[in-house]
Amino acid sequence: MNKRVDVCIVGGGPGGALLANLLAKQNVSVLLVERTNDFAKAFRGEHLNEEGESVLKQHGIYERIEQLGLLKMETLEYWHHGECIKTIFPDEKVGHLGIHVPQAHLLQAILEQAKHYPSFDYALNTTVKELIQNEQGQYTAVRAIQNGKEVLIESQLIIGADGRYSSIRKLANIDSTVRSHGYDLLWARIPAPENWSPSIKMAQVNGMQISLFTQAKGFVQVGWNIEKGSFSTLRKEPFTPFIEKLCLAFPQLAASVKQHIQSWQDFVPLDVFSSMAEQWGRNGVVLIGDAVHTMTPTGAYGLNSALMDAHLLAEMLLQNEQFDFVSCATKRKHEIERIQATQIEKEQKFSEAFVILS
């Protein structure tokens, strides 16, 4: 089975979905390819900042997400030995310190809009296996497996929006420089206690950061930094002393923690690193989001950067008959380098927030 489109976007996360939406709106034929059988797959970086919020509002998507459900953070709190020692409130002009948006709501809002355009199509349960080059070395098609059957998708432009372990980046032989940040992360999601306010709460235990992110629908996401590569050793140790540290750091959360985090299996480990591809595209392939610049969880920049990538790339594709990819990539690369430097600075200076108690 063969298909032919102007643009084939591989990866149905927020960045890929938004790019498909924006191009289809301007009558560019787009096929959005997703390897799973559902766009609303598990995802943990679900916090919008002002940049992501602005992009979604500009394209008339934010209002629909509000209808589906989101949650604005009212405070950023720093806790020490079970007590709140510092509270930061939002700028009145902004009105929040981040917005939790469930990925299912975000993707539903984007795709509802995209499906109104005849030039938009999508393919679920489809895994790309090969990039096809013509005699001039341009990538002009992808060979994929959809529901067990081979499909050839011919396209003038192939977008890799398929995440930190991007298959498109590897198949296009684009190298990526990876930076270790010295820690990994344990995620857990538990019900919020009664009267829990929409907030981000931070604490430090044994020199490592613990973060609580309030989520829509009454949940709290726990993010616990651990030493890089230590989880395999850590999980061999007794669990109770480890989890007691979380209860001591945030006493309000203790009952929910003890009920819902009862073993190492209740944590999901994340291999934390940042990266930057040497090239943002070549020979008819372009990368966006984590596929080209993986971010750490610090500051919740990943989702927002992917949305901005999609916004700017769509703008440049639609404005230029001869797509000036080098200018697009250079402009965006400088901004991502700045954000990644900010993440490193935030990680290095995290302990300073607690010095006042020394």
# chains A, B, ... in the order shown; residues from 1 in each chain; ligands from 1
>>> residues_around(residues="stretch 326-340 of chain A", least_positions_apart="4", cutoff="12 Å", atoms="only C-alpha atoms", output="PyMOL selection string")
chain A and resi 178-179+181+273-283+286-290+292-302+304-306+308-317+319-320+322+344-347
>>> atom_distance(atom1="atom CA of A:Ala123", atom2="atom CA of A:Lys149")
12.4 Å
>>> select_by_dssp(residues="stretch 136-173 of chain A", states="strand (DSSP E)", output="compact mmCIF listing (two decimals) with C-alpha atoms, in the first residue's frame")
# COMPACT_ATOMS: atom_id res chain seq x y z
CA TYR A 139 14.91 11.43 1.59
CA THR A 140 11.64 11.15 -0.31
CA ALA A 141 9.71 8.39 1.46
CA VAL A 142 9.40 6.27 4.58
CA ARG A 143 8.80 2.55 4.66
CA ALA A 144 6.63 1.58 7.62
CA ILE A 145 4.62 -1.27 9.08
CA GLN A 146 0.97 -0.44 9.76
CA LYS A 149 1.34 -4.61 6.69
CA GLU A 150 4.03 -2.71 4.83
CA VAL A 151 3.22 0.81 3.66
CA LEU A 152 5.32 3.23 1.60
CA ILE A 153 4.69 6.91 2.34
CA GLU A 154 6.11 9.28 -0.27
CA SER A 155 6.61 12.82 0.98
CA GLN A 156 8.33 16.05 -0.02
CA LEU A 157 9.36 16.63 3.60
CA ILE A 158 9.74 14.17 6.49
CA ILE A 159 9.47 15.50 10.05
CA GLY A 160 10.94 13.58 12.97
>>> closest_residue(among="A:Asp175, A:Glu130, A:Asp162, A:Glu83", to="A:Gly12", atoms="only C-alpha atoms")
A:Asp162
>>> residues_around(residues="stretch 24-34 of chain A", least_positions_apart="3", cutoff="7 Å", atoms="only C-alpha atoms", output="ChimeraX atom specification")
/A:5-12,20-21,114,117,119-126
>>> write_last_selection(atoms="C-alpha atoms", output="compact mmCIF listing (two decimals), in the first residue's frame")
# COMPACT_ATOMS: atom_id res chain seq x y z
CA VAL A 5 1.61 13.58 0.88
CA ASP A 6 3.38 16.91 1.03
CA VAL A 7 4.60 16.35 4.59
CA CYS A 8 4.91 13.16 6.64
CA ILE A 9 5.23 13.80 10.37
CA VAL A 10 6.47 10.88 12.46
CA GLY A 11 5.43 11.11 16.12
CA GLY A 12 1.97 11.99 17.40
CA ALA A 20 0.27 18.70 11.37
CA ASN A 21 -2.67 20.86 12.42
CA ALA A 114 -6.97 19.24 12.61
CA TYR A 117 -9.20 20.05 7.43
CA SER A 119 -5.68 17.80 3.93
CA PHE A 120 -5.04 16.18 7.36
CA ASP A 121 -4.76 12.43 7.81
CA TYR A 122 -3.21 10.17 10.41
CA ALA A 123 -1.98 6.59 10.75
CA LEU A 124 -1.95 4.86 14.14
CA ASN A 125 -0.13 1.65 15.03
CA THR A 126 2.44 2.53 12.35
>>> residues_around(residues="A:Asn206", least_positions_apart="2", cutoff="12 Å", atoms="only C-alpha atoms", output="VMD selection string")
chain A and resid 80 to 81 203 to 204 208 to 210 224 to 227 242 245 to 246 249 351
>>> write_last_selection(atoms="N, CA and C atoms", output="PDB file, in the first residue's frame")
ATOM      1  N   HIS A  80      11.161  22.601  54.054  1.00  0.00           N
ATOM      2  CA  HIS A  80      12.345  22.115  54.756  1.00  0.00           C
ATOM      3  C   HIS A  80      11.915  21.495  56.073  1.00  0.00           C
ATOM      4  N   HIS A  81      12.272  20.226  56.270  1.00  0.00           N
ATOM      5  CA  HIS A  81      11.893  19.505  57.492  1.00  0.00           C
ATOM      6  C   HIS A  81      10.395  19.593  57.757  1.00  0.00           C
ATOM      7  N   ALA A 203      11.418  20.284  47.814  1.00  0.00           N
ATOM      8  CA  ALA A 203      12.165  19.976  49.031  1.00  0.00           C
ATOM      9  C   ALA A 203      13.501  19.360  48.638  1.00  0.00           C
ATOM     10  N   GLN A 204      14.384  19.271  49.616  1.00  0.00           N
ATOM     11  CA  GLN A 204      15.694  18.667  49.392  1.00  0.00           C
ATOM     12  C   GLN A 204      15.932  17.600  50.451  1.00  0.00           C
ATOM     13  N   MET A 208      19.360  15.831  47.361  1.00  0.00           N
ATOM     14  CA  MET A 208      18.652  15.588  46.102  1.00  0.00           C
ATOM     15  C   MET A 208      17.264  16.223  46.140  1.00  0.00           C
ATOM     16  N   GLN A 209      16.809  16.663  44.988  1.00  0.00           N
ATOM     17  CA  GLN A 209      15.548  17.394  44.875  1.00  0.00           C
ATOM     18  C   GLN A 209      14.339  16.463  44.831  1.00  0.00           C
ATOM     19  N   ILE A 210      13.294  16.851  45.559  1.00  0.00           N
ATOM     20  CA  ILE A 210      11.978  16.227  45.432  1.00  0.00           C
ATOM     21  C   ILE A 210      10.996  17.322  45.037  1.00  0.00           C
ATOM     22  N   TRP A 224      11.250  12.603  42.044  1.00  0.00           N
ATOM     23  CA  TRP A 224      12.302  12.447  43.049  1.00  0.00           C
ATOM     24  C   TRP A 224      13.631  12.186  42.343  1.00  0.00           C
ATOM     25  N   ASN A 225      14.548  13.153  42.452  1.00  0.00           N
ATOM     26  CA  ASN A 225      15.865  12.971  41.852  1.00  0.00           C
ATOM     27  C   ASN A 225      16.675  11.939  42.632  1.00  0.00           C
ATOM     28  N   ILE A 226      17.333  11.053  41.905  1.00  0.00           N
ATOM     29  CA  ILE A 226      18.246  10.090  42.515  1.00  0.00           C
ATOM     30  C   ILE A 226      19.558  10.125  41.731  1.00  0.00           C
ATOM     31  N   GLU A 227      20.611   9.629  42.330  1.00  0.00           N
ATOM     32  CA  GLU A 227      21.912   9.623  41.669  1.00  0.00           C
ATOM     33  C   GLU A 227      21.828   8.858  40.354  1.00  0.00           C
ATOM     34  N   PHE A 242      13.203   4.555  52.709  1.00  0.00           N
ATOM     35  CA  PHE A 242      13.280   5.486  51.576  1.00  0.00           C
ATOM     36  C   PHE A 242      12.022   6.334  51.493  1.00  0.00           C
ATOM     37  N   LYS A 245      11.240   9.237  53.988  1.00  0.00           N
ATOM     38  CA  LYS A 245      11.859  10.548  53.751  1.00  0.00           C
ATOM     39  C   LYS A 245      10.896  11.475  53.020  1.00  0.00           C
ATOM     40  N   LEU A 246      10.119  10.915  52.113  1.00  0.00           N
ATOM     41  CA  LEU A 246       9.121  11.711  51.401  1.00  0.00           C
ATOM     42  C   LEU A 246       8.021  12.169  52.349  1.00  0.00           C
ATOM     43  N   ALA A 249       9.327  14.969  54.491  1.00  0.00           N
ATOM     44  CA  ALA A 249       9.498  16.210  53.737  1.00  0.00           C
ATOM     45  C   ALA A 249       8.168  16.923  53.527  1.00  0.00           C
ATOM     46  N   SER A 351      20.078  24.130  45.673  1.00  0.00           N
ATOM     47  CA  SER A 351      20.330  24.081  47.124  1.00  0.00           C
ATOM     48  C   SER A 351      20.309  25.457  47.753  1.00  0.00           C
TER      49      SER A 351
END
